[in-house]
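These notes are about the structure you will find just below.
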There are 2 protein chains.
Amino acid sequence: MKVGILGGGQLARMIALAGYPLGIRFIVLDPSVAACATTLGSHLHGDYNDETLLAELAKRSDVVTYEFENVPAKVADFLSAHTNVFPSPKALAVAQDRLIEKNFLNELEIPTAPYIEIDNFDSLQEAVLKIGYPAILKTRTQGYDGKGQSILKSPTDLKSSWQKLEGLAGILEGVVKFDREVSIIAVRSVSGEMVFYPLSENVHRGGILRVSESRKNDPMQAKAEDYVTRLMKALNYVGVLALELFEVKGQLIANEFAPRVHNSGHWTIEGAETSQFENHLRAILDLPLGSTAGVDYVTMVNFIGGKPENEEVLKIPNTHLHLYGKAPRKGRKIAHATIRAKTLEELEPLKKRLMALANEADDS
Amino acid sequence: MKVGILGGGQLARMIALAGYPLGIRFIVLDPSVAACATTLGSHLHGDYNDETLLAELAKRSDVVTYEFENVPAKVADFLSAHTNVFPSPKALAVAQDRLIEKNFLNELEIPTAPYIEIDNFDSLQEAVLKIGYPAILKTRTQGYDGKGQSILKSPTDLKSSWQKLEGLAGILEGVVKFDREVSIIAVRSVSGEMVFYPLSENVHRGGILRVSESRKNDPMQAKAEDYVTRLMKALNYVGVLALELFEVKGQLIANEFAPRVHNSGHWTIEGAETSQFENHLRAILDLPLGSTAGVDYVTMVNFIGGKPENEEVLKIPNTHLHLYGKAPRKGRKIAHATIRAKTLEELEPLKKRLMALANEADDS
């Protein structure tokens, strides 16, 4: 089987590493010659909008998938006309516009924070009166790792926030005073088989995911599975999907979903019977899905902008290093490490050592 | 870091897959354009004796290692003169000649079966009088998976066995009536750090490994570690080494050792905290070695000559498929699968299903 991937970053790289043992071959389309997944397969080098390249990708692939949700609709449609594309262009279209996404979630009775569409300064002024302070102004499209977002704490922030939007379509959202952030990584195959990983408990800082931990028997597991099931069924979804949620006083509020493998699921490589990367491939190739059962206790820590010396990381017992083969750059995710341990007591001191190393090297 | 590998088969492939997350890049030298590891790195295509290619491999690699022990001595020596080669040419020289190997083991007081050098028909006749029937005649060099071996059950087998040797130097060994076959996978780094995996219990059929299981708290663990420690120290060994042993009435008798990652250690990918492939790389790059602690219970089953449909294998819960990207051919190892389970009770029925599939597809 041959799988085409739009994007050749770390997600594509980890998909390909998971796919080799299944005998899958990869064709990666990415505009960068340095894209870190390209040495694991054939590299189609050029723009995502280049129809000649897209046609070649479709021709050479049994299935095409992607590692980022901002694939232009016309690209997804073009590919769909020529080969199987999973997840579907519909899932992309919903996920890449925060307004459409929130409307879609609410129609499925999956609660979200209050939100109002913003298309001019007047609508921002009106919206904030309804939502109240603090509120968060985001671009409807693009933006990841907190980019294109600003918090309004009082009326004095109105103008600067509006200016940060740079004329793009916006959405104002109420700030959720959450007790914790969680996400559920779910998988649905072409045949409609569904599996769910144990909840991830996540810590963000500066809009960037820092730490994810796998949770055993989390009290919110059933509710999260219910929400993500509604979402996947409504989208006739195929592949891995990550739904990010806030927990507030025992309730879950959806933040957003990603129609792809997700950073908060990287712990599944060591911490689950089958990784999210392998299950994404099994799903889109309509193979039986693998068990999502947890294996021991795990914590994943991101290295942002800079990373500790390899030796220092590998010295920490039970630590698994994942370098992405990317040059360090301020704010860039360049690697992660996962610690696995048989008990939480064993995990805790190792986690502290790893987080101290990550903080020291941090350049975000 | 760049690692050169002599040989581009499944062992090189699994080494490379383990090395990507550590940021290692690979250069593989193999005479076959279809060698299954070559898509994971640069491929130097040509003969192992080609000094121009060997010089290029040495120049481009921080360390050179190999996936088979029959590397000609002059090749290992040539590479050693130009770069770091681990394990050392000395380990190769001992491992690739059964007579030298057995002498070496006995000097270290590691017991072996009785053996006698055979260089003509008369010496075979004399030897079998001393060793008795049944005995096994092997070539001193070459030969793997039972190739080049014949069993002598009575004097009528003398002539045919001698003819099978085809004039090569031979060794006659007593047949060990073992209670079981085990192996220990051990690792020693450039700095001399040593770690040992839990014992593998192995089943061979027709001279080919069929099944390996990881053993927890095996009563023979300490003795096996003692023997392999003597061996690694005497060789000033660097990398993964596999020592194959027979258990006879509570004693261990060494059969042979392989100076490389080993089929009976493939279960470590899922069944140990750190795989033998990652630890081999850590050892030869002088990084801290990873924990060898067992993760749950595991059984590995080889697919020889033919393999079941992927769907059938992946349907078995907790089964991890490893295809080598090799065309099926009679007697050829083309894939393996590992089952991991939290208890032996859970493992047993899954193992039976997997072994039934493997037997059905077997072409050995």
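Every chain in the structure tokens has a letter given in the order shown (A, B, ...), and although residue numbers restart at 1 in each chain, ligands are simply numbered from 1 in the order shown.
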Q: With a distance threshold of 9 Å and counting only C-alpha atoms, extract the residues of chain A near chain B and express them as a ChimeraX atom specification.
A: /A:14,17-18,20-24,39-41,270,273-274,287-291,295-296,310-312,314-325,335,340,342
**Q.** Polymer residues at most 12 Å from B:Ala93, only C-alpha atoms, same-chain spacing of 2 or more positions, as a ChimeraX atom specification
**A.** /B:69-77,87-91,95-101,104,140-142,235,257-259
**Q.** 12 Å contact set for B:Pro155, only C-alpha atoms, chain neighbours under 3 positions out, as a PyMOL selection string
**A.** chain B and resi 124-129+132-135+151-152+158-162
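Here the question is which of A:Gly8, A:Gly239, A:Gly250, A:Gly206 gets nearest to A:Gln221 using only C-alpha atoms, and that residue is A:Gly250.
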Q.
I'd like to know which of B:His204, B:Gly148, B:Phe86, B:Asp122 is closest to B:Asn263, using only C-alpha atoms.
A.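 Among the listed residues, the smallest separation from B:Asn263 belongs to B:His204.
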Q: May I have all residues of stretch 78-187 of chain A that DSSP, computed from the backbone, assigns to strand (DSSP E), given as JSON, numbers by chain?
A: {"A": [84, 85, 115, 116, 117, 118, 135, 136, 137, 138, 139, 149, 150, 151, 152, 170, 171, 172, 173, 174, 180, 181, 182, 183, 184, 185, 186, 187]}
Grab the residues selected above and save them as a compact mmCIF listing (two decimals), in the first residue's frame with N, CA, C and O atoms.
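And here is the file that came out, again-v9.txt:
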```
# COMPACT_ATOMS: atom_id res chain seq x y z
N ASN A 84 -8.64 8.41 -2.92
CA ASN A 84 -9.27 8.48 -1.60
C ASN A 84 -8.52 9.50 -0.73
O ASN A 84 -7.30 9.44 -0.64
N VAL A 85 -9.27 10.41 -0.12
CA VAL A 85 -8.67 11.37 0.80
C VAL A 85 -9.34 11.21 2.16
O VAL A 85 -10.56 11.34 2.29
N TYR A 115 -19.66 32.44 21.84
CA TYR A 115 -18.83 33.00 20.76
C TYR A 115 -19.69 33.85 19.85
O TYR A 115 -20.91 33.61 19.71
N ILE A 116 -19.10 34.84 19.24
CA ILE A 116 -19.81 35.72 18.31
C ILE A 116 -18.88 36.04 17.14
O ILE A 116 -17.68 36.31 17.34
N GLU A 117 -19.43 36.00 15.96
CA GLU A 117 -18.67 36.33 14.74
C GLU A 117 -18.31 37.83 14.76
O GLU A 117 -19.13 38.67 15.13
N ILE A 118 -17.10 38.12 14.34
CA ILE A 118 -16.64 39.52 14.31
C ILE A 118 -16.22 39.85 12.89
O ILE A 118 -15.34 39.20 12.33
N ALA A 135 -12.36 38.15 27.40
CA ALA A 135 -12.78 37.43 26.20
C ALA A 135 -11.55 37.26 25.31
O ALA A 135 -10.52 37.92 25.53
N ILE A 136 -11.67 36.38 24.35
CA ILE A 136 -10.50 36.12 23.50
C ILE A 136 -10.90 36.29 22.03
O ILE A 136 -11.91 35.76 21.58
N LEU A 137 -10.12 37.12 21.34
CA LEU A 137 -10.40 37.37 19.92
C LEU A 137 -9.44 36.53 19.08
O LEU A 137 -8.23 36.57 19.27
N LYS A 138 -10.03 35.76 18.17
CA LYS A 138 -9.21 34.89 17.31
C LYS A 138 -9.56 35.11 15.85
O LYS A 138 -10.69 35.51 15.54
N THR A 139 -8.63 34.82 14.98
CA THR A 139 -8.97 34.76 13.55
C THR A 139 -9.85 33.52 13.34
O THR A 139 -9.68 32.52 14.03
N GLN A 149 -4.13 35.27 18.15
CA GLN A 149 -5.10 35.38 19.23
C GLN A 149 -4.71 36.51 20.18
O GLN A 149 -3.54 36.76 20.40
N SER A 150 -5.73 37.20 20.73
CA SER A 150 -5.42 38.17 21.78
C SER A 150 -6.53 38.18 22.82
O SER A 150 -7.69 37.95 22.51
N ILE A 151 -6.13 38.44 24.06
CA ILE A 151 -7.09 38.45 25.16
C ILE A 151 -7.53 39.88 25.45
O ILE A 151 -6.69 40.79 25.49
N LEU A 152 -8.83 40.07 25.60
CA LEU A 152 -9.37 41.38 25.99
C LEU A 152 -9.75 41.31 27.47
O LEU A 152 -10.64 40.54 27.85
N GLY A 170 -13.02 37.42 12.13
CA GLY A 170 -12.69 37.02 13.50
C GLY A 170 -13.84 36.37 14.23
O GLY A 170 -14.98 36.27 13.74
N ILE A 171 -13.51 35.88 15.41
CA ILE A 171 -14.51 35.30 16.29
C ILE A 171 -14.12 35.67 17.73
O ILE A 171 -12.94 35.58 18.09
N LEU A 172 -15.10 36.19 18.48
CA LEU A 172 -14.84 36.51 19.89
C LEU A 172 -15.41 35.39 20.74
O LEU A 172 -16.57 34.99 20.57
N GLU A 173 -14.58 34.88 21.64
CA GLU A 173 -15.01 33.77 22.48
C GLU A 173 -14.88 34.14 23.96
O GLU A 173 -13.96 34.87 24.34
N GLY A 174 -15.81 33.67 24.77
CA GLY A 174 -15.68 33.84 26.21
C GLY A 174 -14.49 33.04 26.71
O GLY A 174 -14.20 31.96 26.19
N ARG A 180 -9.24 22.15 34.33
CA ARG A 180 -8.12 21.50 33.63
C ARG A 180 -8.45 21.39 32.15
O ARG A 180 -9.61 21.51 31.74
N GLU A 181 -7.41 21.14 31.37
CA GLU A 181 -7.56 20.93 29.93
C GLU A 181 -7.34 19.46 29.63
O GLU A 181 -6.35 18.89 30.09
N VAL A 182 -8.23 18.88 28.86
CA VAL A 182 -8.05 17.50 28.44
C VAL A 182 -8.28 17.39 26.94
O VAL A 182 -8.79 18.32 26.31
N SER A 183 -7.89 16.27 26.37
CA SER A 183 -8.25 16.00 24.98
C SER A 183 -8.50 14.52 24.84
O SER A 183 -7.97 13.71 25.61
N ILE A 184 -9.33 14.19 23.87
CA ILE A 184 -9.54 12.77 23.58
C ILE A 184 -9.11 12.51 22.14
O ILE A 184 -9.47 13.24 21.22
N ILE A 185 -8.28 11.48 22.00
CA ILE A 185 -7.82 11.06 20.68
C ILE A 185 -8.71 9.87 20.31
O ILE A 185 -8.76 8.87 21.03
N ALA A 186 -9.41 10.00 19.21
CA ALA A 186 -10.34 8.96 18.78
C ALA A 186 -10.00 8.55 17.35
O ALA A 186 -9.34 9.29 16.62
N VAL A 187 -10.42 7.36 16.98
CA VAL A 187 -10.10 6.82 15.66
C VAL A 187 -11.35 6.18 15.07
O VAL A 187 -12.08 5.47 15.78
```
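Picture a line from atom CA of B:Gly7 to atom CA of B:Tyr48; it runs 8.6 Å.
Atom to atom, atom CA of B:Ile284 and atom CA of B:Phe78 stand 18.4 Å apart.
One finds atom CA of A:Asn120 at 8.3 Å from atom CA of A:Ala169.
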